[in-house]
Every structure is written in C-alpha cells, then in structure tokens.
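run.txt follows (compact mmCIF, C-alpha atoms):
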```
# COMPACT_ATOMS: atom_id res chain seq x y z
CA MET S 1 54.06 5.80 -78.28
CA LYS S 2 51.55 6.66 -75.57
CA HIS S 3 47.83 6.27 -76.13
CA ARG S 4 46.40 9.78 -76.55
CA ILE S 5 43.11 10.49 -74.79
CA VAL S 6 41.55 13.86 -75.58
CA VAL S 7 38.54 15.13 -73.63
CA LEU S 8 36.47 17.92 -75.17
CA GLY S 9 34.82 19.99 -72.44
CA ALA S 10 35.52 20.36 -68.73
CA GLY S 11 32.02 20.57 -67.30
CA TYR S 12 30.61 18.02 -64.87
CA ALA S 13 30.91 15.13 -67.35
CA GLY S 14 34.25 16.00 -68.96
CA SER S 15 36.06 16.81 -65.72
CA HIS S 16 34.71 13.65 -64.07
CA VAL S 17 35.83 11.42 -66.92
CA ALA S 18 39.26 13.01 -67.34
CA GLY S 19 40.11 12.99 -63.64
CA ASN S 20 39.06 9.38 -63.15
CA LEU S 21 40.92 8.12 -66.22
CA ALA S 22 44.06 9.96 -65.11
CA ARG S 23 43.89 8.25 -61.73
CA ARG S 24 43.14 4.77 -63.06
CA LEU S 25 45.46 4.52 -66.07
CA SER S 26 49.24 4.37 -65.96
CA PRO S 27 50.94 7.56 -67.22
CA ALA S 28 53.60 5.30 -68.73
CA ASP S 29 51.04 4.26 -71.35
CA THR S 30 48.64 7.17 -71.68
CA GLU S 31 48.51 10.95 -71.94
CA ILE S 32 45.30 12.83 -71.25
CA THR S 33 44.51 16.28 -72.62
CA VAL S 34 41.43 18.31 -71.72
CA ILE S 35 40.33 21.07 -74.10
CA ASN S 36 38.00 23.69 -72.65
CA ALA S 37 37.03 27.17 -73.81
CA GLU S 38 37.32 28.64 -70.30
CA SER S 39 40.08 28.35 -67.72
CA ASP S 40 37.56 27.95 -64.88
CA PHE S 41 35.24 25.13 -63.89
CA VAL S 42 31.68 26.38 -64.32
CA GLU S 43 29.09 25.29 -61.77
CA ARG S 44 26.26 25.30 -64.24
CA LEU S 45 23.79 24.18 -61.59
CA ARG S 46 24.34 27.48 -59.80
CA LEU S 47 24.37 29.93 -62.69
CA HIS S 48 20.85 31.15 -61.88
CA GLN S 49 22.15 31.99 -58.40
CA LEU S 50 25.12 33.83 -59.88
CA ALA S 51 22.80 35.83 -62.13
CA ALA S 52 20.56 36.73 -59.19
CA GLY S 53 23.49 38.15 -57.24
CA ARG S 54 25.06 35.42 -55.15
CA LYS S 55 28.84 35.36 -54.82
CA ILE S 56 30.11 32.14 -56.38
CA GLU S 57 33.85 31.67 -56.68
CA ALA S 58 35.03 30.05 -59.89
CA GLN S 59 37.54 27.22 -59.47
CA LYS S 60 40.54 27.21 -61.76
CA LEU S 61 40.76 24.05 -63.84
CA THR S 62 44.48 23.97 -63.12
CA ASP S 63 43.56 23.50 -59.46
CA VAL S 64 40.88 20.93 -60.30
CA PHE S 65 43.39 18.80 -62.23
CA ALA S 66 46.37 19.44 -59.96
CA GLY S 67 48.35 16.26 -59.34
CA THR S 68 46.58 14.24 -62.04
CA GLY S 69 49.06 14.75 -64.88
CA ILE S 70 46.26 16.01 -67.14
CA ARG S 71 47.28 18.54 -69.77
CA LEU S 72 44.84 21.45 -69.96
CA ARG S 73 44.42 23.33 -73.24
CA VAL S 74 42.30 26.48 -72.90
CA ALA S 75 40.93 26.77 -76.41
CA ARG S 76 37.75 26.66 -78.45
CA VAL S 77 37.10 23.54 -80.51
CA THR S 78 36.50 24.64 -84.11
CA ALA S 79 36.41 21.34 -85.98
CA LEU S 80 36.55 17.59 -85.50
CA ASP S 81 37.70 15.06 -88.07
CA PRO S 82 36.92 11.57 -86.75
CA GLU S 83 38.32 9.89 -89.86
CA ARG S 84 41.78 11.41 -89.35
CA GLN S 85 41.23 11.43 -85.56
CA VAL S 86 42.20 15.06 -85.08
CA VAL S 87 40.62 18.04 -83.33
CA ALA S 88 41.14 21.62 -84.51
CA VAL S 89 41.21 24.37 -81.90
CA ALA S 90 41.57 28.15 -81.73
CA ASP S 91 43.26 29.95 -78.86
CA ALA S 92 45.33 33.03 -78.08
CA ASP S 93 48.31 31.48 -79.84
CA GLY S 94 46.43 30.84 -83.05
CA GLY S 95 45.37 27.25 -82.36
CA GLY S 96 46.18 24.16 -84.37
CA GLU S 97 45.33 20.47 -84.48
CA LEU S 98 45.57 17.74 -81.84
CA GLY S 99 45.54 14.07 -82.70
CA TYR S 100 43.86 11.45 -80.53
CA ASP S 101 43.49 7.71 -80.18
CA THR S 102 40.45 7.94 -77.90
CA LEU S 103 38.18 10.98 -77.83
CA VAL S 104 35.66 11.85 -75.12
CA TYR S 105 33.11 14.33 -76.46
CA ALA S 106 31.60 16.22 -73.50
CA LEU S 107 30.88 19.70 -74.82
CA GLY S 108 27.52 19.94 -73.06
CA SER S 109 24.69 22.14 -74.28
CA ARG S 110 23.65 25.75 -74.79
CA VAL S 111 20.37 27.62 -74.65
CA ALA S 112 17.85 26.74 -77.39
CA ASP S 113 15.99 29.64 -78.97
CA GLN S 114 13.32 27.24 -80.33
CA GLY S 115 13.28 29.28 -83.53
CA VAL S 116 11.67 32.26 -81.81
CA PRO S 117 12.72 35.58 -83.39
CA GLY S 118 14.58 37.99 -81.14
CA VAL S 119 15.81 35.51 -78.52
CA ALA S 120 19.46 35.78 -79.56
CA GLU S 121 19.35 39.56 -79.83
CA HIS S 122 17.22 40.56 -76.84
CA ALA S 123 16.93 37.73 -74.30
CA PHE S 124 19.25 36.82 -71.44
CA ASN S 125 19.98 33.27 -70.31
CA VAL S 126 21.75 31.32 -67.56
CA ALA S 127 23.26 28.57 -69.74
CA GLY S 128 26.83 29.88 -69.40
CA ARG S 129 28.88 31.94 -66.97
CA PRO S 130 29.36 34.95 -69.30
CA SER S 131 25.62 35.11 -70.05
CA ALA S 132 24.74 34.76 -66.36
CA LEU S 133 27.09 37.62 -65.48
CA ARG S 134 25.57 39.73 -68.25
CA LEU S 135 22.11 39.18 -66.77
CA ARG S 136 23.43 39.98 -63.30
CA SER S 137 24.83 43.31 -64.50
CA HIS S 138 21.55 44.15 -66.19
CA LEU S 139 19.54 43.36 -63.06
CA ASP S 140 21.91 45.58 -61.08
CA SER S 141 21.15 48.42 -63.49
CA LEU S 142 17.41 47.88 -63.15
CA GLU S 143 17.60 48.09 -59.38
CA GLY S 144 19.71 51.21 -59.60
CA ALA S 145 17.57 52.96 -62.18
CA ASP S 146 15.20 55.73 -61.18
CA LYS S 147 11.81 54.28 -62.05
CA GLY S 148 9.59 56.46 -59.87
CA GLY S 149 9.80 54.10 -56.93
CA GLU S 150 8.91 51.02 -58.98
CA GLY S 151 11.34 48.26 -59.83
CA GLY S 152 11.88 46.81 -63.27
CA THR S 153 9.96 43.91 -64.77
CA VAL S 154 11.66 40.54 -65.32
CA LEU S 155 10.03 37.94 -67.56
CA VAL S 156 11.29 34.37 -67.26
CA VAL S 157 10.18 32.35 -70.28
CA GLY S 158 10.05 28.61 -69.68
CA ASP S 159 8.45 26.51 -66.95
CA GLY S 160 11.04 23.75 -66.71
CA LEU S 161 13.30 23.32 -63.70
CA THR S 162 15.71 26.02 -64.86
CA GLY S 163 12.90 28.52 -65.32
CA ILE S 164 11.39 27.78 -61.91
CA GLU S 165 14.74 28.05 -60.14
CA THR S 166 15.67 31.24 -61.98
CA ALA S 167 12.36 32.97 -61.27
CA THR S 168 12.35 32.12 -57.57
CA GLU S 169 16.02 33.02 -57.08
CA ILE S 170 15.63 36.44 -58.71
CA ALA S 171 12.40 37.17 -56.85
CA GLU S 172 13.94 36.33 -53.49
CA SER S 173 17.31 38.01 -54.06
CA ARG S 174 15.89 41.14 -55.71
CA PRO S 175 12.50 41.87 -54.09
CA GLY S 176 12.36 45.30 -55.72
CA LEU S 177 11.91 43.71 -59.15
CA SER S 178 8.63 42.37 -60.51
CA VAL S 179 9.04 38.77 -61.70
CA THR S 180 6.69 36.92 -64.06
CA LEU S 181 7.06 33.33 -65.25
CA VAL S 182 5.66 32.56 -68.70
CA ALA S 183 4.69 28.86 -68.74
CA GLY S 184 3.81 26.93 -71.85
CA GLY S 185 1.64 24.55 -69.86
CA GLU S 186 0.55 24.06 -66.27
CA LEU S 187 3.08 25.19 -63.66
CA GLY S 188 4.79 22.13 -62.16
CA ALA S 189 2.94 19.68 -64.40
CA ARG S 190 5.56 16.97 -63.83
CA LEU S 191 5.21 17.15 -60.04
CA SER S 192 2.83 15.34 -57.70
CA PRO S 193 -0.31 17.23 -56.60
CA GLY S 194 1.23 18.04 -53.23
CA ALA S 195 4.46 19.30 -54.77
CA ARG S 196 2.52 21.45 -57.26
CA ALA S 197 0.61 23.02 -54.39
CA HIS S 198 3.91 23.68 -52.58
CA LEU S 199 5.33 25.27 -55.71
CA ARG S 200 2.36 27.60 -56.09
CA GLN S 201 2.60 28.62 -52.45
CA ALA S 202 6.27 29.47 -52.97
CA PHE S 203 5.43 31.60 -56.01
CA ASP S 204 2.70 33.38 -54.05
CA ARG S 205 5.08 33.97 -51.13
CA LEU S 206 7.70 35.46 -53.44
CA GLY S 207 5.17 37.53 -55.37
CA ILE S 208 5.83 35.85 -58.72
CA THR S 209 3.12 36.19 -61.36
CA VAL S 210 2.49 33.04 -63.43
CA LEU S 211 1.05 33.07 -66.94
CA GLU S 212 0.15 29.48 -67.80
CA HIS S 213 -0.61 27.99 -71.23
CA THR S 214 1.13 30.94 -72.85
CA THR S 215 3.37 30.64 -75.91
CA VAL S 216 5.90 33.29 -76.91
CA GLU S 217 6.24 34.02 -80.62
CA ALA S 218 8.79 36.86 -80.55
CA VAL S 219 11.12 38.68 -78.16
CA GLU S 220 11.75 42.40 -78.54
CA ALA S 221 13.97 44.79 -76.61
CA THR S 222 11.26 45.92 -74.17
CA ARG S 223 8.47 43.41 -74.61
CA VAL S 224 7.52 39.83 -75.40
CA LEU S 225 4.85 39.00 -77.99
CA CYS S 226 2.60 35.99 -77.38
CA THR S 227 0.69 33.89 -79.90
CA ASP S 228 -2.64 35.02 -78.46
CA GLY S 229 -1.80 38.62 -79.38
CA THR S 230 -0.76 39.66 -75.89
CA ALA S 231 2.26 41.96 -75.54
CA LEU S 232 4.08 41.70 -72.21
CA ALA S 233 6.30 44.60 -71.12
CA SER S 234 9.76 43.45 -70.04
CA ASP S 235 12.91 45.18 -68.83
CA ALA S 236 14.75 41.84 -68.80
CA THR S 237 13.60 38.72 -70.62
CA VAL S 238 15.30 35.55 -69.39
CA TRP S 239 15.00 32.64 -71.83
CA THR S 240 14.95 29.20 -70.18
CA ALA S 241 12.84 27.32 -72.73
CA GLY S 242 15.14 24.38 -73.31
CA PHE S 243 18.69 23.50 -74.31
CA ALA S 244 20.41 22.48 -77.54
CA VAL S 245 23.79 21.02 -78.45
CA SER S 246 26.48 22.35 -80.75
CA SER S 247 26.35 21.41 -84.44
CA LEU S 248 29.99 20.28 -84.25
CA ALA S 249 29.21 16.57 -83.91
CA ALA S 250 26.79 16.61 -86.84
CA THR S 251 29.08 18.55 -89.17
CA SER S 252 32.02 16.30 -88.31
CA GLY S 253 30.24 13.22 -89.64
CA LEU S 254 29.43 11.52 -86.35
CA GLU S 255 26.05 9.83 -86.35
CA VAL S 256 23.66 12.07 -84.43
CA THR S 257 19.96 12.25 -83.63
CA GLU S 258 17.60 14.79 -85.17
CA ASN S 259 18.51 17.34 -82.49
CA GLY S 260 22.26 16.82 -82.93
CA ARG S 261 23.03 14.61 -79.91
CA ILE S 262 25.59 11.87 -80.53
CA ALA S 263 24.13 8.40 -81.05
CA VAL S 264 25.91 6.02 -78.66
CA ASP S 265 25.63 2.38 -77.67
CA ARG S 266 25.10 1.18 -74.11
CA THR S 267 28.76 1.91 -73.26
CA MET S 268 28.65 5.55 -74.48
CA ARG S 269 30.66 4.70 -77.59
CA SER S 270 29.69 6.42 -80.84
CA VAL S 271 27.78 3.99 -83.04
CA SER S 272 29.52 5.37 -86.13
CA HIS S 273 33.08 6.04 -84.88
CA PRO S 274 34.33 3.59 -82.21
CA SER S 275 37.26 5.77 -81.13
CA VAL S 276 34.77 8.41 -79.90
CA TYR S 277 32.81 8.30 -76.64
CA ALA S 278 30.23 10.84 -75.53
CA ALA S 279 29.04 11.86 -72.07
CA GLY S 280 26.70 14.46 -70.64
CA ASP S 281 24.12 16.53 -72.50
CA CYS S 282 25.58 15.84 -75.94
CA ALA S 283 25.10 12.05 -75.66
CA TYR S 284 21.81 10.47 -76.73
CA ALA S 285 21.81 7.73 -74.12
CA LEU S 286 18.88 5.52 -73.15
CA ASP S 287 18.21 4.75 -69.51
CA ASP S 288 17.78 1.18 -68.31
CA ASN S 289 14.08 1.36 -69.19
CA GLY S 290 14.63 2.56 -72.74
CA ARG S 291 13.99 6.33 -72.42
CA PRO S 292 16.49 9.00 -73.51
CA LEU S 293 18.19 10.46 -70.45
CA PRO S 294 17.39 14.17 -70.03
CA MET S 295 20.03 16.87 -70.20
CA SER S 296 20.99 17.18 -66.53
CA CYS S 297 23.87 16.98 -64.08
CA ALA S 298 22.64 13.57 -62.92
CA SER S 299 22.75 12.24 -66.48
CA ALA S 300 26.28 13.65 -66.83
CA GLY S 301 27.31 11.57 -63.83
CA TYR S 302 25.73 8.36 -65.08
CA THR S 303 26.95 8.65 -68.68
CA GLY S 304 30.38 9.74 -67.48
CA ALA S 305 30.68 6.71 -65.21
CA GLN S 306 29.74 4.40 -68.07
CA ALA S 307 32.24 6.04 -70.41
CA ILE S 308 34.99 5.63 -67.81
CA ALA S 309 34.18 1.94 -67.35
CA ALA S 310 34.10 1.34 -71.11
CA ILE S 311 37.36 3.13 -71.86
CA MET S 312 39.09 1.36 -68.98
CA GLY S 313 37.89 -2.00 -70.22
CA ASP S 314 38.74 -1.32 -73.84
CA LEU S 315 42.26 -0.09 -73.11
CA THR S 316 43.23 -2.64 -70.47
CA GLY S 317 41.71 -5.71 -72.07
CA ARG S 318 39.07 -6.27 -69.39
CA LYS S 319 35.35 -6.81 -69.63
CA VAL S 320 33.28 -3.69 -69.99
CA PRO S 321 30.56 -3.54 -67.32
CA HIS S 322 27.22 -1.86 -67.74
CA THR S 323 26.97 0.80 -65.06
CA LYS S 324 23.61 2.15 -63.91
CA LEU S 325 21.71 4.51 -66.20
CA GLU S 326 18.59 5.89 -64.55
CA TYR S 327 16.62 9.01 -63.68
CA VAL S 328 15.29 8.98 -60.14
CA ALA S 329 14.27 12.47 -59.00
CA ASN S 330 13.78 16.16 -59.64
CA HIS S 331 15.56 18.48 -57.21
CA ILE S 332 14.28 22.05 -57.37
CA SER S 333 15.55 25.01 -55.37
CA LEU S 334 13.01 27.74 -54.63
CA GLY S 335 15.38 30.40 -53.38
CA ARG S 336 17.79 29.80 -50.52
CA ARG S 337 15.47 28.37 -47.87
CA ASP S 338 12.87 26.41 -49.81
CA GLY S 339 12.85 23.61 -52.32
CA ILE S 340 11.18 20.48 -53.63
CA LEU S 341 12.58 16.95 -53.86
CA GLN S 342 10.28 14.91 -56.09
CA MET S 343 11.11 11.24 -56.57
CA VAL S 344 9.93 9.56 -59.77
CA ASP S 345 9.16 5.95 -60.69
CA ASP S 346 10.64 3.82 -63.48
CA GLU S 347 8.40 5.57 -65.99
CA TRP S 348 9.55 9.02 -64.73
CA ARG S 349 6.13 9.70 -63.24
CA ALA S 350 6.06 11.65 -59.99
CA LYS S 351 5.58 9.53 -56.90
CA PRO S 352 2.78 10.69 -54.56
CA LYS S 353 5.06 11.84 -51.76
CA TYR S 354 7.58 14.65 -51.94
CA THR S 355 9.92 16.55 -49.64
CA GLY S 356 9.55 20.30 -49.47
CA GLY S 357 10.68 23.37 -47.52
CA ARG S 358 14.00 23.82 -45.74
CA LYS S 359 14.78 20.10 -45.71
CA ALA S 360 14.54 19.95 -49.51
CA ALA S 361 16.64 23.12 -49.76
CA ARG S 362 19.34 21.55 -47.60
CA ILE S 363 19.30 18.39 -49.72
CA LYS S 364 19.68 20.43 -52.91
CA ALA S 365 22.51 22.45 -51.35
CA ALA S 366 24.24 19.20 -50.37
CA ILE S 367 23.91 17.87 -53.92
CA LEU S 368 25.47 21.06 -55.30
CA TRP S 369 28.33 20.84 -52.80
CA MET S 370 28.97 17.15 -53.50
CA SER S 371 28.91 17.72 -57.27
CA LEU S 372 31.56 20.41 -56.98
CA TRP S 373 33.63 18.48 -54.46
CA ALA S 374 33.63 15.28 -56.52
CA THR S 375 34.67 17.22 -59.63
CA SER S 376 37.47 19.07 -57.88
CA HIS S 377 38.77 15.90 -56.16
CA PRO S 378 38.94 13.43 -59.06
CA THR S 379 41.48 11.19 -57.34
CA PHE S 380 39.65 10.69 -54.04
CA GLY S 381 38.52 7.17 -53.21
CA LEU S 382 39.92 5.57 -56.34
CA PRO S 383 42.31 2.61 -56.41
CA LYS S 384 45.95 3.57 -56.04
CA ARG S 385 47.06 1.12 -58.68
CA ARG S 386 47.17 2.61 -62.16
CA ARG S 387 46.49 -0.04 -64.74
CA ARG S 388 48.72 -0.64 -67.74
CA LEU S 389 47.27 -0.84 -71.21
CA ALA S 390 46.81 -4.13 -73.01
CA ALA S 391 49.39 -4.90 -75.69
CA SER S 392 46.81 -4.01 -78.36
CA PRO S 393 44.05 -1.74 -77.05
CA ALA S 394 40.56 -2.61 -78.24
CA THR S 395 39.54 -1.39 -81.67
CA SER S 396 36.17 -0.81 -83.23
CA SER S 397 35.30 -4.46 -83.80
CA ARG S 398 37.27 -6.20 -81.10
CA ASN S 399 35.25 -4.93 -78.16
CA ALA S 400 31.94 -4.12 -79.84
CA GLY S 401 29.98 -6.86 -78.08
CA ARG S 402 32.05 -7.33 -74.94
CA VAL S 403 30.21 -6.76 -71.69
CA ALA S 404 30.40 -8.09 -68.16
CA ALA S 405 29.19 -11.62 -67.72
```

Could you show the structure in this file as structure tokens?
Amino acid sequence: MKHRIVVLGAGYAGSHVAGNLARRLSPADTEITVINAESDFVERLRLHQLAAGRKIEAQKLTDVFAGTGIRLRVARVTALDPERQVVAVADADGGGELGYDTLVYALGSRVADQGVPGVAEHAFNVAGRPSALRLRSHLDSLEGADKGGEGGTVLVVGDGLTGIETATEIAESRPGLSVTLVAGGELGARLSPGARAHLRQAFDRLGITVLEHTTVEAVEATRVLCTDGTALASDATVWTAGFAVSSLAATSGLEVTENGRIAVDRTMRSVSHPSVYAAGDCAYALDDNGRPLPMSCASAGYTGAQAIAAIMGDLTGRKVPHTKLEYVANHISLGRRDGILQMVDDEWRAKPKYTGGRKAARIKAAILWMSLWATSHPTFGLPKRRRRLAASPATSSRNAGRVAA
C-alpha cells in the first residue's frame, strides 16, 4: 500500500510543500492529495491590490499541479481526527472522509475581529479573495454614487503592513475616495526613523489622513466608534487589525497555543501527534533566535522548507536537517510606484538604513512575481531522482531526536 500524504490548504505554504514532495518522492511509494476550498491559487499578498481595482488573474490549481501527479480535492475541511488519521470534508458531492499516513496542515489564517462588535457584520477585509472582491464591488459603487461631487469615505482600521498597503493602494487607485487610516499606535513604529519619515511623506502625497493612538470599540454600518468617544463616519470600513487561525486544530485535539496555532518542534512536526506537520500561519514555529515567526509569506516559505526536509528524511530513512528559520525584513508597497524595504536585525529591530521609492517598489514587485512563479513551478530546479521510501517509514518515536550531524 502506498504512503498517503494529505496536504490541507493550497496557499503559499501548502502548494510549496505538496509540489516539492511530489517531485522528490517516488510515485511508486506515495500518493499526495491536496484539499483546498477553492479551485484557484490565491495570491494573498496581492489581495489589497485586487480590492483596489487591479486586474489579477487567478491561476487554476490544476495548472499549478500539472505534471506532478498530485490529486486535487476542491472541498472544505470540516473535521480532523488525528487519532484515527482521517480528515472529513464537504464538497458539491456531499463530501466524506480521507485517510492519511502523513498530514501537512497548512490552512493559513483569516481576519481577526479582536472581539470588536460589528466587525463581522459591517467591516470589509482583504484576507481572502471573496472578501477582497466584495470590497472592490463596494468601492466601485461608492465611486459611482451621486454624492454631490464628493467621494465616499474609506476607513482602514489597523496600522500593520496590511493596513498600510491597503490604505495606500486604495488612495492611489481611487483618488476620488477619502481614505483614513486608524492606527492603534504610532504610524510605522517598527520602522527606522528614515523609513517612518518616508512613510509619512507617502501618506501626505496620497492625501491619506492618519489617526494615531486610536482604538476602535465598535463598527457600525456607517460609522466607527472609538474608545475616546469619537464617532468616525465611514462608507467602507476595512478591517486589517490582525489575523487568526481556524479553530479546527484545537477542536481536533492537536496541541495548540493560546491563539490556536499548532505547537510544533524544530522540524514542524506536531508535538502531540507525530504524523502531523504544520506550515505557514497556522504553525507556532520559533525562529533561530527563539521568537515566534510572524504570520507572513516569508514564514510560509521557511516553515514549508523545513516541513519538506523533515518529511523527506522521515520517509526515506535519512537524517533530518534543520533548515533556516529567520525573519530578515519588512517589504511594504505604497501603491504601484513607491515602497519601503526595511531590513531588521536578529532581534527584529529595524536597521538604520532602508530602501525607499521606486527601487523598493520594484523589489516588492519582484518578490511577488517570484513567490507566484515558485508556487506555480514546483518541479523547477529540483533533483530528477525521486527517492523511494524506507522499508519502515519513521514513526513518532523513531525519528523524534534525529537531526543532521
């Protein structure tokens, strides 16, 4: 019987892991199934651009996995039983259960409402393609509405990278709308002084109003209520105040952190269920200096690479190497022709120098292109030899302490 590898999620982490395993492992010994709720690959890094109006073609996952032998199941994961090693799914045919020998959990994250009333009912977000398209349609309606010569008001809540990129993209793409960013702290607090100054100049150039040290306590249909008693009028409230993971891992019995991320060892293996690996936003992985990696595309790449190396080693009887786990920079787009590249040190503190302007924008565009290209070409540059499995693939105890010498 073939060793069954099931990958949950086909985002940056899941697609990367599945494609690489398919290329490296012999199909005589393994079968790989990817379960994803959508039939397209979603460029999450560009969803704020999609919402603002840019044309972004969605790649079919069947094209992404063409020639790999991967089985794609377009379905929603409804339950996971790690004791029985089965996954329950729902799809157009009614769904069912799939068994696995090795599971890669890469279901990513969703927007976090932070317990603020009204976010789910009244706010838009750019955490998924359907929600980004819903915001896009609403912005179209605001621009087309007769408002006495004045455009609508867009409030972006959240001063993280997603909030900054969303606010600047909307302001540049839709100059007829009034854009305000509601920041819980100082705008660009994690950046160097020079980069913060560049960011403020970009906001001034684009006409974005910034409300710093402002906390939102409720979202209503046409306004946002702040803790200081201020009520901010809003025709479109875009919530970018953080991300959260699905409760699926926690309810299934996997050991998770307080916020629901899967607790893994250095090789991305679940500390409670050795047949399960996690990669991407849902994995609580520590970088090489002991800090939890942030939810980001870069972290998806690093955790995915480590999961690939661990699964390959476990199944083929080889040593499991420790691949690099680090966080090196913040790449921020400020519309189409401006950006900031801020390198950070080992403690994640901003280094004094930064790259800004068109050069930074080109670097960010190149990163986006490379991320998509690498995902859609999972077999490029990999060894042609597909490795056979060991006679008895590693189990929970056999490989627990095995690492590269």

### Message
Ranking S:Lys364, S:Lys353, S:Arg318, S:Arg23 by minimum distance to Ile332 of chain S and counting only C-alpha atoms, which one comes first?
### Response
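For Ile332 of chain S, the nearest of the candidates is S:Lys364.
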
### Query
Near segment 45-59 of chain S, within 7 Å and counting only C-alpha atoms, which residues show up once chain neighbours fewer than 6 positions away are dropped, as a list of chain:residue names?
S:Val126, S:Arg129, S:Ala132, S:Leu133, S:Leu135, S:Arg136, S:Thr166, S:Glu169, S:Ile170, S:Ser173

### Task
Would you list the contacts of Asn259 of chain S as a ChimeraX atom specification, taking every protein, DNA or RNA residue within 10 Å and counting all atoms listed in the file, but skipping same-chain residues closer than 5 positions in sequence?
/S:244-247,250,282,284

### Message
Under the rule that all atoms listed in the file are counted, which of S:Ile340, S:Ala221, S:Ala90, S:Ala329 is the nearest residue to Gly194 of chain S?
### Response
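Among the listed residues, the smallest separation from Gly194 of chain S belongs to S:Ile340.
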
### Task
Please write as a ChimeraX atom specification the list of polymer residues whose atoms come within 8 Å of (0.3, 27.5, -72.3), counting all atoms listed in the file and keeping to the coordinates of the file.
/S:183-186,211-215

### Task
Starting from the point (27.4, 18.5, -81.2), work out which residues of protein, DNA or RNA have an atom no more than 9 Å away when counting all atoms listed in the file; state them as a ChimeraX atom specification.
/S:105,107-109,244-252,254,256,260-262,282-283

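The spacing separating atom CA of Lys60 of chain S from atom CA of Gly14 of chain S amounts to 14.7 Å.
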
### Task
Measuring atom to atom with all atoms listed in the file, identify which of S:Asp338, S:Ser234, S:Leu315, S:His377 is nearest to Gly67 of chain S.
S:His377

### Message
If I take atom CA of Ala18 of chain S and atom CA of Ala279 of chain S, how far is one from the other in Å, to one decimal?
### Response
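Taking atom CA of Ala18 of chain S as the start and atom CA of Ala279 of chain S as the end point, the length is 11.3 Å.
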
### Query
Hey, which of S:Gly19, S:Pro175, S:Pro274, S:Gly163 ends up closest to Ala127 of chain S? Count only C-alpha atoms.
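The answer is S:Gly163, which sits nearest to Ala127 of chain S.
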